[in-house]
$ cat run.pdb   # PDB, C-alpha atoms
ATOM      1  CA  MET A   1      59.402  19.954 -15.967
ATOM      2  CA  ILE A   2      59.105  21.864 -12.687
ATOM      3  CA  ALA A   3      62.841  21.739 -12.003
ATOM      4  CA  ARG A   4      63.744  22.839 -15.538
ATOM      5  CA  THR A   5      61.239  25.697 -15.512
ATOM      6  CA  VAL A   6      62.621  27.087 -12.253
ATOM      7  CA  ALA A   7      66.258  26.442 -13.248
ATOM      8  CA  GLN A   8      65.862  28.359 -16.507
ATOM      9  CA  LYS A   9      64.333  31.344 -14.762
ATOM     10  CA  LEU A  10      67.075  31.362 -12.099
ATOM     11  CA  THR A  11      69.638  31.327 -14.911
ATOM     12  CA  ASP A  12      67.937  34.213 -16.733
ATOM     13  CA  GLN A  13      67.310  36.365 -13.647
ATOM     14  CA  ASN A  14      70.559  35.893 -11.759
ATOM     15  CA  LYS A  15      73.029  34.978 -14.524
ATOM     16  CA  TRP A  16      73.656  31.717 -12.666
ATOM     17  CA  ASN A  17      74.528  28.557 -14.546
ATOM     18  CA  VAL A  18      71.883  26.173 -13.158
ATOM     19  CA  ILE A  19      72.207  22.618 -14.480
ATOM     20  CA  VAL A  20      69.441  20.043 -14.031
ATOM     21  CA  ASP A  21      70.823  16.547 -13.422
ATOM     22  CA  ASN A  22      68.172  13.820 -13.734
ATOM     23  CA  ARG A  23      68.911  10.850 -11.474
ATOM     24  CA  PRO A  24      65.946   8.479 -11.545
ATOM     25  CA  GLY A  25      65.723   5.332  -9.453
ATOM     26  CA  ALA A  26      64.497   3.880  -6.165
ATOM     27  CA  GLY A  27      61.436   6.107  -5.988
ATOM     28  CA  GLY A  28      63.506   9.286  -6.086
ATOM     29  CA  ASN A  29      65.810   8.141  -3.292
ATOM     30  CA  LEU A  30      68.999   8.207  -5.362
ATOM     31  CA  ASP A  31      68.885  11.895  -6.197
ATOM     32  CA  VAL A  32      67.909  12.973  -2.682
ATOM     33  CA  ASP A  33      70.677  10.851  -1.183
ATOM     34  CA  ALA A  34      73.220  12.308  -3.629
ATOM     35  CA  ALA A  35      72.222  15.829  -2.620
ATOM     36  CA  ALA A  36      72.250  15.017   1.098
ATOM     37  CA  LYS A  37      75.844  13.796   0.815
ATOM     38  CA  SER A  38      77.060  16.762  -1.266
ATOM     39  CA  PRO A  39      79.104  19.697   0.101
ATOM     40  CA  ALA A  40      76.922  22.149   2.029
ATOM     41  CA  ASP A  41      77.991  25.164  -0.016
ATOM     42  CA  GLY A  42      74.774  26.053  -1.853
ATOM     43  CA  TYR A  43      75.956  24.730  -5.208
ATOM     44  CA  THR A  44      74.049  21.421  -5.014
ATOM     45  CA  LEU A  45      70.294  21.459  -4.570
ATOM     46  CA  VAL A  46      67.577  18.856  -5.010
ATOM     47  CA  MET A  47      63.959  19.011  -6.116
ATOM     48  CA  GLY A  48      62.249  16.849  -3.536
ATOM     49  CA  GLN A  49      58.601  15.929  -3.309
ATOM     50  CA  THR A  50      56.057  14.147  -1.152
ATOM     51  CA  SER A  51      57.166  10.639  -2.131
ATOM     52  CA  ASN A  52      60.898  10.865  -1.490
ATOM     53  CA  LEU A  53      60.680  13.189   1.506
ATOM     54  CA  ALA A  54      57.502  12.242   3.397
ATOM     55  CA  ILE A  55      56.530   8.736   2.223
ATOM     56  CA  ASN A  56      59.795   6.913   1.553
ATOM     57  CA  PRO A  57      61.212   7.294   5.094
ATOM     58  CA  THR A  58      58.541   4.812   6.235
ATOM     59  CA  LEU A  59      58.103   2.883   2.974
ATOM     60  CA  TYR A  60      61.797   1.935   2.746
ATOM     61  CA  PRO A  61      63.157   0.326   5.945
ATOM     62  CA  LYS A  62      66.772   1.151   5.001
ATOM     63  CA  LEU A  63      66.521   4.656   3.558
ATOM     64  CA  PRO A  64      70.065   6.117   3.307
ATOM     65  CA  TYR A  65      69.022   9.632   4.362
ATOM     66  CA  ASP A  66      66.789  11.364   6.886
ATOM     67  CA  PRO A  67      64.895  14.234   5.231
ATOM     68  CA  LEU A  68      64.545  16.082   8.534
ATOM     69  CA  LYS A  69      68.221  15.793   9.530
ATOM     70  CA  ASP A  70      70.265  15.506   6.322
ATOM     71  CA  LEU A  71      68.638  18.294   4.317
ATOM     72  CA  VAL A  72      67.674  21.914   4.885
ATOM     73  CA  PRO A  73      64.491  23.269   3.234
ATOM     74  CA  VAL A  74      65.038  26.181   0.853
ATOM     75  CA  ALA A  75      61.660  26.888  -0.769
ATOM     76  CA  LEU A  76      58.422  25.219  -1.707
ATOM     77  CA  VAL A  77      57.724  25.433  -5.431
ATOM     78  CA  SER A  78      54.375  23.912  -6.313
ATOM     79  CA  SER A  79      51.792  21.281  -5.516
ATOM     80  CA  SER A  80      49.572  19.056  -7.616
ATOM     81  CA  PRO A  81      46.465  17.093  -6.676
ATOM     82  CA  ILE A  82      45.841  13.444  -7.457
ATOM     83  CA  VAL A  83      42.904  12.543  -9.674
ATOM     84  CA  MET A  84      40.859   9.404 -10.260
ATOM     85  CA  ALA A  85      40.357   8.868 -13.982
ATOM     86  CA  ALA A  86      38.432   6.401 -16.127
ATOM     87  CA  PRO A  87      38.229   5.691 -19.871
ATOM     88  CA  ALA A  88      36.095   8.215 -21.736
ATOM     89  CA  ASN A  89      33.473   5.553 -22.475
ATOM     90  CA  SER A  90      33.317   4.279 -18.884
ATOM     91  CA  ARG A  91      29.895   3.858 -17.283
ATOM     92  CA  PHE A  92      31.174   5.812 -14.298
ATOM     93  CA  LYS A  93      30.549   9.549 -14.275
ATOM     94  CA  THR A  94      31.302  10.352 -10.626
ATOM     95  CA  PHE A  95      33.083   8.878  -7.632
ATOM     96  CA  ALA A  96      29.633   8.087  -6.238
ATOM     97  CA  ASP A  97      29.100   5.757  -9.202
ATOM     98  CA  VAL A  98      32.342   3.946  -8.320
ATOM     99  CA  VAL A  99      31.307   3.625  -4.681
ATOM    100  CA  ALA A 100      27.887   2.217  -5.586
ATOM    101  CA  ALA A 101      29.352  -0.317  -8.024
ATOM    102  CA  SER A 102      32.096  -1.401  -5.631
ATOM    103  CA  LYS A 103      29.742  -1.872  -2.692
ATOM    104  CA  GLY A 104      27.594  -4.078  -4.875
ATOM    105  CA  LYS A 105      30.608  -6.141  -5.951
ATOM    106  CA  PRO A 106      33.718  -5.662  -3.727
ATOM    107  CA  ASP A 107      37.182  -6.306  -5.195
ATOM    108  CA  ALA A 108      35.811  -6.403  -8.739
ATOM    109  CA  LEU A 109      36.757  -2.935 -10.003
ATOM    110  CA  THR A 110      40.441  -2.476 -10.853
ATOM    111  CA  LEU A 111      42.444   0.567  -9.755
ATOM    112  CA  GLY A 112      45.820   1.236 -11.352
ATOM    113  CA  TYR A 113      48.639   3.532 -10.245
ATOM    114  CA  SER A 114      52.316   3.967 -10.941
ATOM    115  CA  GLY A 115      54.106   1.973  -8.251
ATOM    116  CA  ASN A 116      53.478   0.768  -4.708
ATOM    117  CA  GLY A 117      53.874   3.396  -2.024
ATOM    118  CA  THR A 118      53.466   6.369  -4.369
ATOM    119  CA  VAL A 119      51.254   9.318  -3.501
ATOM    120  CA  ALA A 120      48.738   8.050  -6.063
ATOM    121  CA  HIS A 121      48.672   4.583  -4.466
ATOM    122  CA  LEU A 122      48.181   5.962  -0.963
ATOM    123  CA  ALA A 123      45.618   8.536  -2.113
ATOM    124  CA  GLY A 124      43.672   5.625  -3.596
ATOM    125  CA  GLU A 125      43.900   3.780  -0.287
ATOM    126  CA  LEU A 126      42.633   6.856   1.556
ATOM    127  CA  ALA A 127      39.714   7.247  -0.867
ATOM    128  CA  GLU A 128      38.783   3.576  -0.433
ATOM    129  CA  ASN A 129      38.908   3.840   3.346
ATOM    130  CA  ALA A 130      36.867   7.034   3.377
ATOM    131  CA  ALA A 131      34.168   5.472   1.210
ATOM    132  CA  GLY A 132      34.299   2.039   2.839
ATOM    133  CA  ILE A 133      34.902   0.204  -0.435
ATOM    134  CA  GLN A 134      37.382  -2.365  -1.729
ATOM    135  CA  LEU A 135      39.033  -2.047  -5.153
ATOM    136  CA  ARG A 136      41.470  -4.448  -6.785
ATOM    137  CA  HIS A 137      44.866  -2.717  -6.956
ATOM    138  CA  ILE A 138      47.018  -2.941 -10.086
ATOM    139  CA  PRO A 139      50.461  -1.351  -9.520
ATOM    140  CA  TYR A 140      52.393  -0.450 -12.681
ATOM    141  CA  LYS A 141      56.108   0.188 -13.078
ATOM    142  CA  GLY A 142      55.398   3.448 -14.878
ATOM    143  CA  ALA A 143      52.667   5.606 -16.366
ATOM    144  CA  ALA A 144      53.169   4.672 -20.049
ATOM    145  CA  GLN A 145      51.749   1.126 -19.912
ATOM    146  CA  ALA A 146      49.100   2.194 -17.427
ATOM    147  CA  MET A 147      47.827   4.892 -19.795
ATOM    148  CA  THR A 148      47.618   2.362 -22.625
ATOM    149  CA  ASP A 149      45.655  -0.076 -20.477
ATOM    150  CA  LEU A 150      43.353   2.617 -19.085
ATOM    151  CA  VAL A 151      42.492   4.114 -22.473
ATOM    152  CA  GLY A 152      41.982   0.583 -23.829
ATOM    153  CA  GLY A 153      39.687  -0.373 -20.960
ATOM    154  CA  GLN A 154      41.933  -3.093 -19.496
ATOM    155  CA  ILE A 155      41.623  -1.384 -16.096
ATOM    156  CA  ASP A 156      38.606   0.481 -14.753
ATOM    157  CA  LEU A 157      40.241   3.341 -12.862
ATOM    158  CA  TYR A 158      43.609   5.054 -12.465
ATOM    159  CA  MET A 159      45.026   7.367  -9.805
ATOM    160  CA  SER A 160      47.667   9.857 -10.897
ATOM    161  CA  SER A 161      48.811  13.448 -10.690
ATOM    162  CA  VAL A 162      47.119  15.989 -12.971
ATOM    163  CA  PRO A 163      50.103  16.570 -15.323
ATOM    164  CA  THR A 164      50.322  12.852 -16.171
ATOM    165  CA  LEU A 165      46.705  12.631 -17.299
ATOM    166  CA  LEU A 166      45.885  16.120 -18.548
ATOM    167  CA  GLY A 167      46.836  15.503 -22.180
ATOM    168  CA  GLN A 168      44.660  12.398 -22.470
ATOM    169  CA  VAL A 169      41.772  14.208 -20.777
ATOM    170  CA  ARG A 170      42.026  17.138 -23.173
ATOM    171  CA  ASN A 171      42.062  14.879 -26.231
ATOM    172  CA  GLY A 172      38.926  13.121 -25.054
ATOM    173  CA  LYS A 173      40.358   9.685 -24.260
ATOM    174  CA  LEU A 174      39.940   9.895 -20.479
ATOM    175  CA  LYS A 175      37.593  11.525 -18.007
ATOM    176  CA  VAL A 176      38.280  12.541 -14.421
ATOM    177  CA  LEU A 177      35.812  11.467 -11.745
ATOM    178  CA  ALA A 178      37.257  13.132  -8.650
ATOM    179  CA  ILE A 179      40.197  15.172  -7.419
ATOM    180  CA  THR A 180      41.958  14.884  -4.060
ATOM    181  CA  SER A 181      42.837  18.526  -3.364
ATOM    182  CA  ALA A 182      40.921  20.690  -0.923
ATOM    183  CA  LYS A 183      39.760  22.928  -3.784
ATOM    184  CA  ARG A 184      39.059  22.347  -7.454
ATOM    185  CA  SER A 185      41.798  22.501 -10.075
ATOM    186  CA  SER A 186      41.880  25.483 -12.428
ATOM    187  CA  GLN A 187      42.696  23.017 -15.223
ATOM    188  CA  LEU A 188      39.750  20.762 -14.342
ATOM    189  CA  PRO A 189      37.177  23.213 -12.978
ATOM    190  CA  ASP A 190      34.200  20.901 -13.546
ATOM    191  CA  VAL A 191      35.656  18.025 -11.518
ATOM    192  CA  PRO A 192      34.429  17.933  -7.897
ATOM    193  CA  THR A 193      36.820  17.311  -5.032
ATOM    194  CA  LEU A 194      36.356  14.279  -2.816
ATOM    195  CA  ALA A 195      35.638  16.693   0.020
ATOM    196  CA  GLU A 196      32.757  18.108  -2.041
ATOM    197  CA  SER A 197      31.602  14.571  -2.818
ATOM    198  CA  GLY A 198      30.748  13.900   0.795
ATOM    199  CA  TYR A 199      34.160  13.139   2.336
ATOM    200  CA  LYS A 200      34.715  16.254   4.387
ATOM    201  CA  GLY A 201      38.322  17.220   5.034
ATOM    202  CA  PHE A 202      39.757  14.830   2.431
ATOM    203  CA  GLU A 203      43.027  16.109   0.982
ATOM    204  CA  ALA A 204      46.012  14.326  -0.552
ATOM    205  CA  VAL A 205      48.363  16.261  -2.816
ATOM    206  CA  THR A 206      51.912  15.884  -3.990
ATOM    207  CA  TRP A 207      54.106  18.917  -3.337
ATOM    208  CA  PHE A 208      57.509  19.860  -4.713
ATOM    209  CA  GLY A 209      60.241  21.877  -3.052
ATOM    210  CA  ILE A 210      63.944  22.666  -3.291
ATOM    211  CA  LEU A 211      66.349  21.618  -0.544
ATOM    212  CA  ALA A 212      70.074  21.821   0.168
ATOM    213  CA  PRO A 213      72.437  19.617   2.191
ATOM    214  CA  ALA A 214      72.216  20.082   5.961
ATOM    215  CA  GLY A 215      74.762  22.582   7.173
ATOM    216  CA  THR A 216      74.339  24.970   4.252
ATOM    217  CA  PRO A 217      74.890  28.450   5.739
ATOM    218  CA  ALA A 218      71.706  30.384   6.534
ATOM    219  CA  PRO A 219      72.680  33.426   4.389
ATOM    220  CA  ILE A 220      73.041  31.149   1.353
ATOM    221  CA  VAL A 221      69.675  29.501   2.045
ATOM    222  CA  ALA A 222      68.100  32.957   2.366
ATOM    223  CA  GLN A 223      69.656  34.105  -0.922
ATOM    224  CA  LEU A 224      68.427  30.989  -2.727
ATOM    225  CA  ASN A 225      64.958  31.321  -1.204
ATOM    226  CA  LYS A 226      64.690  34.924  -2.373
ATOM    227  CA  ALA A 227      65.767  34.010  -5.901
ATOM    228  CA  ILE A 228      63.371  31.051  -6.150
ATOM    229  CA  ASN A 229      60.435  33.105  -4.896
ATOM    230  CA  ALA A 230      61.261  35.831  -7.426
ATOM    231  CA  ALA A 231      61.281  33.207 -10.187
ATOM    232  CA  LEU A 232      57.913  31.792  -9.117
ATOM    233  CA  GLN A 233      56.368  35.255  -9.181
ATOM    234  CA  GLN A 234      57.168  35.696 -12.873
ATOM    235  CA  PRO A 235      54.021  35.291 -14.999
ATOM    236  CA  ASP A 236      55.615  32.913 -17.515
ATOM    237  CA  VAL A 237      56.793  30.555 -14.759
ATOM    238  CA  ALA A 238      53.468  30.642 -12.917
ATOM    239  CA  ASP A 239      51.544  30.097 -16.161
ATOM    240  CA  LYS A 240      53.744  27.138 -17.100
ATOM    241  CA  LEU A 241      53.254  25.408 -13.742
ATOM    242  CA  ARG A 242      49.502  26.058 -13.755
ATOM    243  CA  SER A 243      49.128  24.849 -17.351
ATOM    244  CA  GLU A 244      50.443  21.486 -16.203
ATOM    245  CA  GLY A 245      47.864  21.283 -13.425
ATOM    246  CA  GLY A 246      49.976  22.581 -10.549
ATOM    247  CA  ASP A 247      49.514  25.342  -7.991
ATOM    248  CA  VAL A 248      52.372  27.783  -7.385
ATOM    249  CA  LEU A 249      53.498  27.888  -3.738
ATOM    250  CA  GLY A 250      56.707  29.679  -2.742
ATOM    251  CA  GLY A 251      57.112  31.109   0.750
ATOM    252  CA  SER A 252      59.843  31.017   3.357
ATOM    253  CA  ALA A 253      62.280  28.238   4.143
ATOM    254  CA  GLU A 254      60.726  28.052   7.595
ATOM    255  CA  GLN A 255      57.277  27.396   6.119
ATOM    256  CA  PHE A 256      58.697  24.552   4.039
ATOM    257  CA  GLY A 257      60.361  23.151   7.153
ATOM    258  CA  GLN A 258      57.077  23.234   9.061
ATOM    259  CA  LEU A 259      55.359  21.408   6.210
ATOM    260  CA  LEU A 260      57.998  18.678   6.318
ATOM    261  CA  ARG A 261      57.653  18.260  10.070
ATOM    262  CA  THR A 262      53.900  17.815   9.577
ATOM    263  CA  GLU A 263      53.911  15.685   6.419
ATOM    264  CA  VAL A 264      56.580  13.124   7.351
ATOM    265  CA  PRO A 265      54.607  11.688  10.308
ATOM    266  CA  ARG A 266      51.251  12.105   8.521
ATOM    267  CA  TRP A 267      52.294  10.103   5.463
ATOM    268  CA  GLY A 268      54.250   7.699   7.653
ATOM    269  CA  LYS A 269      51.024   6.696   9.390
ATOM    270  CA  ILE A 270      49.266   6.295   6.032
ATOM    271  CA  VAL A 271      52.057   4.004   4.794
ATOM    272  CA  LYS A 272      51.905   1.887   7.962
ATOM    273  CA  ASP A 273      48.126   1.617   7.761
ATOM    274  CA  SER A 274      48.355   0.525   4.096
ATOM    275  CA  GLY A 275      50.893  -2.183   4.890
ATOM    276  CA  ALA A 276      53.106  -1.101   1.962
ATOM    277  CA  SER A 277      56.856  -1.735   2.209
ATOM    278  CA  LEU A 278      59.738  -1.762  -0.288
ATOM    279  CA  ASP A 279      63.345  -2.941  -0.037
TER     280      ASP A 279
END

$ encode --input "run.pdb" --output "structure tokens"
Amino acid sequence: MIARTVAQKLTDQNKWNVIVDNRPGAGGNLDVDAAAKSPADGYTLVMGQTSNLAINPTLYPKLPYDPLKDLVPVALVSSSPIVMAAPANSRFKTFADVVAASKGKPDALTLGYSGNGTVAHLAGELAENAAGIQLRHIPYKGAAQAMTDLVGGQIDLYMSSVPTLLGQVRNGKLKVLAITSAKRSSQLPDVPTLAESGYKGFEAVTWFGILAPAGTPAPIVAQLNKAINAALQQPDVADKLRSEGGDVLGGSAEQFGQLLRTEVPRWGKIVKDSGASLD
């Protein structure tokens, strides 16, 4: 959704023919690798995010690309927090309720998420560690079955990004107990952050940004950055991203590069501490 929203606005504003090519698989590694190995001429870009740029380099021992060497940052686009949700009829109303129940009976409450090593999985690990509790992890292969099980009460809790859960929250089937961003979400203004809930400094979000193959000439990167920032500043684009639970970012290519240099080692440590690993 994010890629298509930006691509359409770039097409409208600049009369460029921007084509979105979905290449799912291997936790997002296939599309990033394809972009990294493409000609560095500015005509092939990739929408990367926290998982395939900052987490996967440690999660996958044989990753075919290095996000810091094989790609050049162009522009950050948006970010989205992770939320902990429960069925609407759950006895839990806050994260404090979860902590109290788990401390009374460790490894009894079930926590689902979409795949080992995802931002949601690791955000759940961080929340557990911060609170000193132990939940029983249930990794799913995708969100569809997880949503069915959560709404039906087969699992107690679920960690996911806001866009994945927002529809079910709005229709009254789920409720959100806590959010992992530093500040509250405009789409979920009544949900407290974990930092507000007594875990000062807690923050774990998934961010999205556009990159090009390493070696792409600086003038081309600058032109693309300018166009992407102009697209993000359009009210219809900003409203679309916010309506799905995201925050609009933008900024310079250098700022995106600095974020990568900070996030790759930060998430790498989190992965190592969790013990997660994928072939």

$ resolve_selection --input "run.pdb" --expression "the PyMOL selection byres ((chain A and resi 264-278) around 6)" --output "PyMOL selection string"
chain A and resi 54-55+58-60+260-263+279

$ closest_atom_pairs --input "run.pdb" --of "segment 114-165 of chain A" --to "segment 183-202 of chain A" --cutoff "10 Å" --atoms "all atoms listed in the file" --output "tab-separated table"
residue	atom	partner	partner_atom	distance
A:Ala123	CA	A:Phe202	CA	9.7
A:Leu126	CA	A:Phe202	CA	8.5
A:Ala127	CA	A:Leu194	CA	8.0
A:Ala130	CA	A:Tyr199	CA	6.8
A:Ala131	CA	A:Tyr199	CA	7.7
A:Val162	CA	A:Gln187	CA	8.6
A:Pro163	CA	A:Gln187	CA	9.8

$ residues_near_point --input "run.pdb" --point "(65.6, 35.6, -12.2)" --cutoff "8 Å" --atoms "only C-alpha atoms" --output "ChimeraX atom specification"
/A:9-15,227-228,230-231

$ resolve_selection --input "run.pdb" --expression "the PyMOL selection byres ((chain A and resi 41) around 10)" --output "list in words"
Ser38, Pro39, Ala40, Gly42, Tyr43, Thr44, Leu45, Ala212, Pro213, Ala214, Gly215, Thr216, Pro217, Ile220 and Val221 of chain A

$ residues_around --input "run.pdb" --residues "Ala143 of chain A" --least-positions-apart "4" --cutoff "8 Å" --atoms "only C-alpha atoms" --output "PDB file with C-alpha atoms, in the frame of the given file"
ATOM      1  CA  TYR A 113      48.639   3.532 -10.245  1.00  0.00           C
ATOM      2  CA  SER A 114      52.316   3.967 -10.941  1.00  0.00           C
ATOM      3  CA  MET A 147      47.827   4.892 -19.795  1.00  0.00           C
ATOM      4  CA  THR A 164      50.322  12.852 -16.171  1.00  0.00           C
TER       5      THR A 164
END

$ closest_residue --input "run.pdb" --among "A:Ile133, A:Ala75, A:Val32, A:Ala108" --to "Gly257 of chain A" --atoms "only C-alpha atoms"
A:Ala75

$ atom_distance --input "run.pdb" --atom1 "atom CA of Pro67 of chain A" --atom2 "atom CA of Lys240 of chain A"
28.1 Å

$ residues_around --input "run.pdb" --residues "Gly124 of chain A" --least-positions-apart "6" --cutoff "10 Å" --atoms "all atoms listed in the file" --output "list in words"
Ile82, Val83, Met84, Leu111, Gly112, Tyr113, Thr118, Ala130, Leu135, His137, Tyr158, Met159, Ser160, Thr180 and Ala204 of chain A

$ atom_distance --input "run.pdb" --atom1 "atom CA of Thr94 of chain A" --atom2 "atom CA of Lys175 of chain A"
9.8 Å

$ closest_residue --input "run.pdb" --among "A:Ile210, A:Ala238, A:Ala7, A:Leu177" --to "Ala96 of chain A" --atoms "only C-alpha atoms"
A:Leu177

$ resolve_selection --input "run.pdb" --expression "the PyMOL selection byres ((chain A and resi 51) around 10)" --output "list in words"
Gly27, Gly28, Asn29, Gly48, Gln49, Thr50, Asn52, Leu53, Ala54, Ile55, Asn56, Pro57, Leu59, Gly117, Thr118, Val119, Ala120, Thr206, Trp207, Phe208, Val264 and Trp267 of chain A

$ atom_distance --input "run.pdb" --atom1 "atom CA of Arg23 of chain A" --atom2 "atom CA of Ile2 of chain A"
14.8 Å

$ closest_residue --input "run.pdb" --among "A:Val6, A:Leu211, A:Lys69, A:His121" --to "Ala35 of chain A" --atoms "only C-alpha atoms"
A:Leu211
